[in-house]
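Let me begin by presenting the structure, written as structure tokens, before commenting on it.
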Amino acid sequence: MTQQVAKRELTMSRAMVEAIAHEMRESEDVFYMGEDVADYGGIFDSTQGLLDEFGYDRVMDVPISETAYIGAAVGAAQAGMRPIAELMFVDFFGVCMDQIYNQMAKNTYMSGGSVNVPMVLTTAVGGGYNDAGQHSQTLYGTFAHLPGMKVVVPSNAYDAKGLMHSAIRDDDPVVYMFHKRLMGIGWMPAPEGPKTDVPEEDYTVPFGEAAVKREGDDATVVTLGLHVHRAMEAAEGLADDGIEAEVIDLRTLVPFDTETIVQSVRKTGRLVVVDEDYRSFGLTGEVVARVAERALDDLEAVERVAIPDVPIPYARPLEQAVNPSTADIAEAIRTVHE
Amino acid sequence: MTQQVAKRELTMSRAMVEAIAHEMRESEDVFYMGEDVADYGGIFDSTQGLLDEFGYDRVMDVPISETAYIGAAVGAAQAGMRPIAELMFVDFFGVCMDQIYNQMAKNTYMSGGSVNVPMVLTTAVGGGYNDAGQHSQTLYGTFAHLPGMKVVVPSNAYDAKGLMHSAIRDDDPVVYMFHKRLMGIGWMPAPEGPKTDVPEEDYTVPFGEAAVKREGDDATVVTLGLHVHRAMEAAEGLADDGIEAEVIDLRTLVPFDTETIVQSVRKTGRLVVVDEDYRSFGLTGEVVARVAERALDDLEAVERVAIPDVPIPYARPLEQAVNPSTADIAEAIRTVHE
Amino acid sequence: MVSVNTRKRMYETMVTARHYEERLQEEYLEGKQPAFDISAGPIPGELHLAAGHEAAAAGVCAHLRPEDTVTATHRPHHVAIAKGVDLKRMTAEIFGRRTGLCKGKGGHMHLFDPDVNFACSGIIAEGSPPAVGAALAAKKRGTTDVAVSYLGEGAISQGGFLESLNLAAVQNLPVVFVIEDNDWAISMPKGRVTDVENGSQRADGFDMPGVRVDYDDALAVYETAHDAVERARAGNGPTLIEVQVHRRMGHFMGDAEGYRPKEDVERAKRLDCIERLADDLREEGVTDGDLAELTDRAHERVEEAIEWAKEQPEPDPEEAFADVFVNPPVRGEIVSDGGADDADDLEATDAEPRESDADDGGEDR
Amino acid sequence: MVSVNTRKRMYETMVTARHYEERLQEEYLEGKQPAFDISAGPIPGELHLAAGHEAAAAGVCAHLRPEDTVTATHRPHHVAIAKGVDLKRMTAEIFGRRTGLCKGKGGHMHLFDPDVNFACSGIIAEGSPPAVGAALAAKKRGTTDVAVSYLGEGAISQGGFLESLNLAAVQNLPVVFVIEDNDWAISMPKGRVTDVENGSQRADGFDMPGVRVDYDDALAVYETAHDAVERARAGNGPTLIEVQVHRRMGHFMGDAEGYRPKEDVERAKRLDCIERLADDLREEGVTDGDLAELTDRAHERVEEAIEWAKEQPEPDPEEAFADVFVNPPVRGEIVSDGGADDADDLEATDAEPRESDADDGGEDR
Ligand SMILES: Cc1ncc(C[n+]2csc(CCOP(=O)(O)OP(=O)(O)O)c2C)c(N)n1
Ligand SMILES: Cc1ncc(C[n+]2csc(CCOP(=O)(O)OP(=O)(O)O)c2C)c(N)n1
Ligand SMILES: [Mg+2]
Ligand SMILES: [Mg+2]
């Protein structure tokens with residue numbers, strides 16, 4: 001009993017890559033396609049080290065033509081392979097959404113289930129580093145709104161690995177949205193939270209199960225991705241004032257775990273939804289509506305904290321004004337708690 | 001006093017075209033670009049007759065390359081013209097969304113207002129005629145979610161004309177979504193409702209003002225487009241049973257008239273949101289959330305009626321099962337009223 | 001030299017396709033009388049028929065095996081037939097029946113038959129990237145399978161097609177792109193939307209061979225496709241082929257073609273690829289009796305398929321909620337009702353089958 | 001023959017651009033020491049510098065007037081300078097200041113200067129369609145204005161670019177497409193992503209003239225562009241030009257270029273278009289003293305701009321809520337707070353200016 005089990009802390013990117021490498025070893029059908037995924041290892045470290053082990057045929061650099069190569073992933077998936085295709089920034093979805101939402105997402109349904117599309121679309125999301133309106137969005141709502149794709153958003157290394165295993169093994173298309181600020185990239189300092197212990201062996205995090213990151217009776221904070229960490233920070237801060245917020249990390253948007261949220265709100269009566277996507281017609285509204293449908297009588301107050309329907313501006317004071325901060329979240333919790 | 005003012009009933013397409021023709025006469029800067037908009041007159045009659053009056057230079061057929069020509073409209077608009085570009089079906093947005101949301105919608109903001117994009121993007125929406133998953137969507141939520149475009153959805157000829165005048169005159173980009181089933185196209189029978197009296201002269205319907213189509217104390221039904229007519233039918237039917245529903249036609253999604261809805265719910269206490277778009281992460285959630293933010297105490301019951309997060313199926317019984325019907329709306333009103 | 005047997009097989013395919021289109025047209029228009037209502041009748045929705053395009057289907061697909069992939073366009077029937085798609089289940093799909101290829105979910109623009117690796121879709125050029133992907137899978141797996149992506153000449157200006165040419169070329173993939181040039185994209189003549197007269201010229205910008213077949217001669221198509229398919233199977237990369245075909249009907253049923261010169265319609269009807277092949281067969285010594293036999297067999301097959309399809313049951317309304325995923329979520333909720341309520345209230349609300357009548361054009365007629 | 005005066009002007013433009021990039025690099029890296037943090041320092045975010053690309057900017061833009069439109073890429077500074085964009089306000093924008101071209105909203109990838117019809121954007125090939133649109137407007141208005149769309153060689157496989165070629169060709173528009181071939185798209189060498197060695201070959205598929213300038217000789221670029229611009233102004237349609245340039249730095253600041261052979265970096269530095277033009281000018285009898293004068297003036301201008309920019313105020317946080325529309329809605333509500341509350345509570349919540357420190361890398365440092 002003197003021997004200690006060595007814990008392994010990994011960054012989110014290492015954890016994600018570990019799952020990919022594992023699945024690539026298990027099956028020749030798994031391969032990765034994207035821009036700058038070979039030698040570069042992914043602009044946000046999403047394929048770091050894979051080229052060395054698997055070579056150019058399985059870690060494929062492709063021309064800057066997202067429609068062609070994401071659509072090619074659809075075709076390869078329908079042919080029985082299990083491609084992973086990377087859209088470098090989610091902000092670029094506009095050049096290739098047709099293949100994503102009309103083919104990848106709909107072919108299973110439109111074929112009556114005779115065809116399926118076992119692929120993963122990975123994509124980097126999020127701002128907070130002054131990259132302006134075309135490189136800082138999360139677009140969670142845009143993807144979750146359109147039927148036929150599962151949508152997952154890890155907030156830490158443990159979930160990143162487990163969700164990636166689940167995603168690659170899933171027989172349906174999965175959009176895997178990783179937040180740049182969580183990856184642990186050398187040139188983009190991350191909060192400490194996303195770096196967690198990660199088992200060496202493979203494991204899955206199931207889709208459709210939100211995680212209660214912190215329990216509390218005074219308010220329910222529902223969020224995802226980077227803002228899980230800001231919400232936790234806000235909650236910890238408020239605990240000093242005797243306000244105990246429950247923090248829920250959605251983890252997956254499709255499928256959506258309504259139950260965990262509703263149960264929490266039945267307890268707390270107060271709901272704060274925090275999102276790094278645009279406020280209107282998206283995630284925050286959906287969460288509020290689901291709670292209103294199921295637990296209206298229990299709901300006493302509601303607040304939404306999100307990007308206020310403006311493109312994401314460049315300059316630091318401007319971006320900070322629109323991207324929900326820990327202070328914004330704390331204030332919203334206080335407001336519903338009043 | 002014996003003389004009667006002759007009333008002019010127009011179909012929605014005639015009303016829309018009348019506004020376009022008027023604006024084209026007023027200014028050489030206005031022109032129309034799209035596929036099959038010249039000789040054909042628009043697949044859904046959106047440009048019927050314009051070629052004869054204005055010729056090929058101002059009613060331009062373009063190659064099937066939505067990115068190129070919608071982006072060209074952006075460029076022409078930034079150069080001071082006032083183009084109208086048509087995306088034949090909104091379902092095709094996936095091939096050209098980048099130009100729409102990253103250029104048309106964002107350039108004003110990203111330029112700090114030094115550039116503006118006075119263009120109109122017209123597009124046909126809606127199903128109900130068994131055209132299946134790639135030709136039957138409305139995607140209201142998809143467009144309204146992304147900042148920088150005004151989004152309007154007429155439900156009748158009067159509004160169609162007034163909103164089109166407003167759209168063309170607006171110095172910002174406007175997405176004008178016309179429902180095929182409302183246009184009064186020969187081969188696609190429409191309900192009678194959208195055909196209304198339309199003044200010959202030009203007039204505007206302002207953005208951001210919802211229309212209360214029917215007053216009632218028992219429930220608030222918020223909807224738009226085709227479903228305004230279904231909601232009205234449902235409400236009339238329920239009146240026989242003594243249930244009086246207030247029906248609100250949103251007319252514009254961006255800007256959004258929260259006030260009219262909240263006032264109504266303060267009165268009725270019950271909210272039904274009816275949408276032909278996908279249910280989750282879209283319009284229905286947004287409406288519920290806005291009401292919950294402003295009038296939670298008054299809100300006693302809420303129902304959402306929308307496409308249940310499945311692609312739109314082809315066969316008649318299947319499509320009917322997912323597209324909210326008059327009966328579905330009536331049932332939802334009954335449910336909140338109980 | 002194309003053997004007489006192969007010619008006869010192509011002829012039968014083409015006659016099958018032509019008769020199929022004619023019969024679908026009849027069925028489609030039934031129930032749309034007296035006033036044309038797109039949502040009424042036994043086949044509602046859009047219907048794009050390919051009469052006059054048959055040579056492009058038969059001449060290319062004659063070289064294909066079931067393992068080869070074909071992605072077709074919004075005008076897919078002739079290609080589906082040539083590729084060997086199950087005609088009965090395809091027809092049932094077009095009639096919106098539960099036993100259709102897609103259980104009634106896809107309809108005529110979205111036919112999927114994985115047994116012969118056929119798919120089609122309704123967005124211009126959307127099939128090109130998946131065809132490239134199928135070819136990529138073949139290359140990765142070391143098979144000799146090829147993929148064929150069909151397009152209309154109107155599609156050659158669409159980004160997804162052009163990007164696919166490049167990806168196929170740089171990855172040296174076994175793909176054949178086949179443009180069916182019927183001179184029109186709905187109402188837009190080719191010359192209005194591109195400067196090139198020869199669509200296969202698009203290949204020049206990607207260092208890919210491009211070939212045009214200037215007349216819809218099934219034999220010429222066959223020979224051109226032969227080289228392209230062999231080239232692909234041998235690992236020598238993609239080819240772009242353009243075939244001149246003719247649109248004998250409107251763009252879709254109900255299209256009055258007001259924009260189209262009458263002579264052009266007449267010309268399209270005069271230049272009949274089936275007649276041309278029949279003449280050729282006669283020259284090869286095939287008798288009119290032989291041709292009639294092929295024709296009869298083709299017609300019989302079509303009639304059988306249509307008859308079978310019409311006997312098939314319509315889907316139940318609640319089937320609309322299945323098949324979004326093949327691996328549906330367990331705990332996480334997917335909304336699966338038609339509107340008002342929670343998933344567990346399914347029976348109570350929309351899933352109760354509504355009246356559905358094959359002649360009912362829907363709510364707003 | 002290019003006049004000595006023109007050569008000198010191009011030289012000054014190129015030296016200005018080069019010095020500008022070097023100075024921005026310094027400023028950018030300041031505050032990112034010791035550990036590189038992209039969100040820290042006086043210029044946060046991505047920064048794509050164009051040292052080694054100057055010939056492509058100067059040689060083309062020398063032919064342009066303020067009325068002509070230019071759309072540049074994510075690597076825009078040299079082109080902006082050559083087009084005559086207000087250097088002070090551009091610099092202020094890059095430093096995120098309120099008096100910047102875009103009030104601090106756009107940053108270095110989104111510079112807009114309507115006075116000289118310049119714009120750039122961060123999505124590959126996104127500028128091509130708007131350039132075509134500007135040309136369309138010129139044609140409709142009967143002016144002789146032209147539009148120039150800049151692209152990297154990595155962009156020649158992107159659908160939006162290829163579609164633009166076709167639209168420009170079929171509408172016969174006054175557009176010049178200029179590809180800056182620096183051999184790399186981030187870490188991907190040209191040969192890995194397309195089979196054509198000469199990017200201007202893409203034009204062949206659209207019946208458009210395509211010309212390549214094989215070395216970054218400003219004079220050769222000038223002469224090639226001269227023909228293309230004149231052709232466009234005369235109403236004779238578009239041209240595609242590819243210019244060989246060299247990437248002297250990483251793709252963006254912070255890119256260690258681990259993927260790039262050292263010899264390639266050295267080669268890029270050795271083949272300096274500015275040195276080449278200087279040699280040429282010397283041959284024309286321009287003295288080193290003359291060149292130094294031009295260089296000094298250029299440096300001075302750059303220093304002035306940077307100094308001015310750094311003195312400019314940062315925007316107030318609440319400015320983030322303006323400019324979504326130039327014609328903001330009156331009655332209909334646009335959410336305009338940073339999060340928690342209703343628009344009328346603006347002052348109470350997010351609009352209160354937060355601490356903002358030029359050296360603060362944001363929340364998560
Ligand atoms: C991206 C996209 N744009 C427009 C359409 C509408 N549309 C359907 S068919 C068609 C014309 C196609 O012409 P062509 O490619 O020549 O094929 P054909 O119909 O002549 O067989 C158009 C514009 C579409 N389906 N997808
Ligand atoms: C549609 C799209 N895909 C990918 C990117 C990411 N990206 C930015 S620059 C770049 C490389 C561009 O290479 P090239 O066009 O050669 O220009 P260069 O950077 O060499 O000047 C890539 C892939 C993007 N901005 N937009
Ligand atoms: Mg055609
Ligand atoms: Mg490059």
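Going through the structure tokens in order, the chains are called A, B, and so on, while each chain numbers its residues from 1 and the ligands are numbered from 1 in the order shown.
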What are the closest atom pairs, with distances in Å to one decimal, for each residue of chain C lying within 7 Å of ligand 3, using only C-alpha atoms and all ligand atoms, rows by chain and rising residue number, as JSON lines?
{"residue": "C:Gly152", "atom": "CA", "partner": "ligand 3", "partner_atom_place_in_ligand_line": "1 (Mg)", "distance": 4.6}
{"residue": "C:Glu153", "atom": "CA", "partner": "ligand 3", "partner_atom_place_in_ligand_line": "1 (Mg)", "distance": 4.9}
{"residue": "C:Gly154", "atom": "CA", "partner": "ligand 3", "partner_atom_place_in_ligand_line": "1 (Mg)", "distance": 5.2}
{"residue": "C:Glu180", "atom": "CA", "partner": "ligand 3", "partner_atom_place_in_ligand_line": "1 (Mg)", "distance": 6.7}
{"residue": "C:Asp181", "atom": "CA", "partner": "ligand 3", "partner_atom_place_in_ligand_line": "1 (Mg)", "distance": 5.4}
{"residue": "C:Asn182", "atom": "CA", "partner": "ligand 3", "partner_atom_place_in_ligand_line": "1 (Mg)", "distance": 4.5}
{"residue": "C:Asp183", "atom": "CA", "partner": "ligand 3", "partner_atom_place_in_ligand_line": "1 (Mg)", "distance": 5.4}
{"residue": "C:Trp184", "atom": "CA", "partner": "ligand 3", "partner_atom_place_in_ligand_line": "1 (Mg)", "distance": 4.2}
{"residue": "C:Ala185", "atom": "CA", "partner": "ligand 3", "partner_atom_place_in_ligand_line": "1 (Mg)", "distance": 4.2}
{"residue": "C:Ile186", "atom": "CA", "partner": "ligand 3", "partner_atom_place_in_ligand_line": "1 (Mg)", "distance": 6.9}
Spatial neighbours of stretch 219-228 of chain D, max dist 6 Å, only C-alpha atoms, sep filter under 2 positions, as number ranges by chain: D: 59-60, 217, 230-231, 239
Surroundings of ligand 2 up to 8 Å, based on only C-alpha atoms and all ligand atoms, as an NGL selection string: (:A and (35-36 or 64-66 or 87-89 or 92-93 or 95)) or (:D and (48 or 50 or 73-75 or 122-126 or 151-156 or 158 or 180-186 or 190 or 247 or 251))
Test item: chain D residues at most 8 Å from chain C, counting only C-alpha atoms, as a ChimeraX atom specification: /D:157-160,162-163,166-167,169-170,192-196,201-207
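Nearest residue to chain B among A:Pro194, A:Pro311, A:Gly112, A:Gly184 is A:Pro311, counting only C-alpha atoms.
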Residues of chain B within 8 Å of chain A, counting only C-alpha atoms, as a count of residues only: 47
Test item: chain A residues at most 7 Å from chain C, counting only C-alpha atoms, as a ChimeraX atom specification: /A:63,65,67-69,71-76,79,81,108-116,148,171-172,207-209,255-258
Requested write-out: C-alpha atoms of the selected residues, as a compact mmCIF listing (two decimals), in the first residue's frame:
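File written: selection-v1.txt
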# COMPACT_ATOMS: atom_id res chain seq x y z
CA PRO A 63 -6.70 21.64 -49.87
CA SER A 65 -11.81 23.48 -49.73
CA THR A 67 -16.99 21.65 -48.92
CA ALA A 68 -14.95 19.10 -50.82
CA TYR A 69 -13.17 17.43 -47.96
CA GLY A 71 -18.26 16.13 -48.08
CA ALA A 72 -15.60 13.56 -48.88
CA ALA A 73 -15.66 12.52 -45.25
CA VAL A 74 -19.41 11.99 -45.61
CA GLY A 75 -18.82 9.80 -48.64
CA ALA A 76 -16.08 7.82 -46.94
CA ALA A 79 -18.67 3.69 -47.50
CA MET A 81 -14.98 4.20 -42.89
CA THR A 108 -29.43 8.87 -42.29
CA TYR A 109 -32.95 10.17 -41.98
CA MET A 110 -33.57 10.80 -45.65
CA SER A 111 -32.45 7.26 -46.45
CA GLY A 112 -34.80 5.87 -43.85
CA GLY A 113 -31.81 4.63 -41.92
CA SER A 114 -30.45 2.51 -44.75
CA VAL A 115 -27.37 4.68 -44.85
CA ASN A 116 -25.48 6.02 -41.87
CA GLY A 148 -29.32 14.96 -37.44
CA ASP A 171 -22.55 5.28 -35.76
CA ASP A 172 -24.00 8.74 -36.23
CA PHE A 207 -23.90 11.52 -24.80
CA GLY A 208 -26.90 13.14 -23.20
CA GLU A 209 -25.63 13.34 -19.67
CA PRO A 255 -28.81 14.84 -27.23
CA PHE A 256 -29.79 17.26 -24.53
CA ASP A 257 -30.12 16.36 -20.88
CA THR A 258 -33.22 18.27 -19.88
Per-residue DSSP, stretch 187-323 of chain B, filtered to alpha helix (DSSP H), as a ChimeraX atom specification: /B:226-239,258-268,283-295,316-322
Close residues, stretch 77-84 of chain C itself excluded, 10 Å, only C-alpha atoms, min 6 positions apart in chain, as a PyMOL selection string: chain C and resi 9-10+12-18+20-21+48-66+68-71+90-91+108-109+111-113+115-120+150
Separation of atom CA of B:Met104 from atom CA of B:Lys180, in Å and rounded to one decimal: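 Result for atom CA of B:Met104 versus atom CA of B:Lys180: 24.2 Å, one decimal.
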Surrounding residues of C:Ile43 excluding itself and chain neighbours under 2 positions, 6 Å, only C-alpha atoms, as JSON, numbers by chain: {"C": [28, 41, 95]}
Which of stretch 133-322 of chain D DSSP labels strand (DSSP E or B), written as a list in words: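 Restricting stretch 133-322 of chain D to strand (DSSP E or B) produces Ala147, Val148, Ser149, Tyr150, Leu151, Gly152, Val175, Val176, Phe177, Val178, Ile179, Glu180, Asp181, Trp184, Ala185, Met188, Pro189, Gly210, Val211, Arg212, Val213, Thr239, Leu240, Ile241, Glu242, Val243 and Gln244 of chain D.
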Keeping C-alpha atoms for every residue in the selection just given, could you write it to a file as a compact mmCIF listing (two decimals), in the first residue's frame?
# COMPACT_ATOMS: atom_id res chain seq x y z
CA ALA D 147 -11.78 45.80 -58.81
CA VAL D 148 -8.84 43.71 -57.67
CA SER D 149 -9.25 40.60 -55.56
CA TYR D 150 -6.12 39.37 -53.81
CA LEU D 151 -5.74 35.72 -52.80
CA GLY D 152 -3.06 33.39 -51.53
CA VAL D 175 -11.91 42.42 -62.20
CA VAL D 176 -8.32 41.40 -61.76
CA PHE D 177 -7.68 38.40 -59.53
CA VAL D 178 -4.18 38.41 -58.07
CA ILE D 179 -2.78 35.29 -56.47
CA GLU D 180 0.20 35.77 -54.21
CA ASP D 181 1.98 32.46 -54.42
CA TRP D 184 2.78 27.81 -48.44
CA ALA D 185 -0.69 27.77 -47.00
CA MET D 188 0.84 23.04 -46.47
CA PRO D 189 3.10 23.29 -49.51
CA GLY D 210 -4.35 33.67 -66.87
CA VAL D 211 -0.80 34.94 -66.49
CA ARG D 212 1.92 34.04 -64.08
CA VAL D 213 4.82 36.20 -62.99
CA THR D 239 -7.79 38.46 -65.83
CA LEU D 240 -6.20 36.09 -63.37
CA ILE D 241 -2.62 36.81 -62.39
CA GLU D 242 -0.38 34.74 -60.19
CA VAL D 243 2.73 36.31 -58.73
CA GLN D 244 5.51 34.34 -57.11
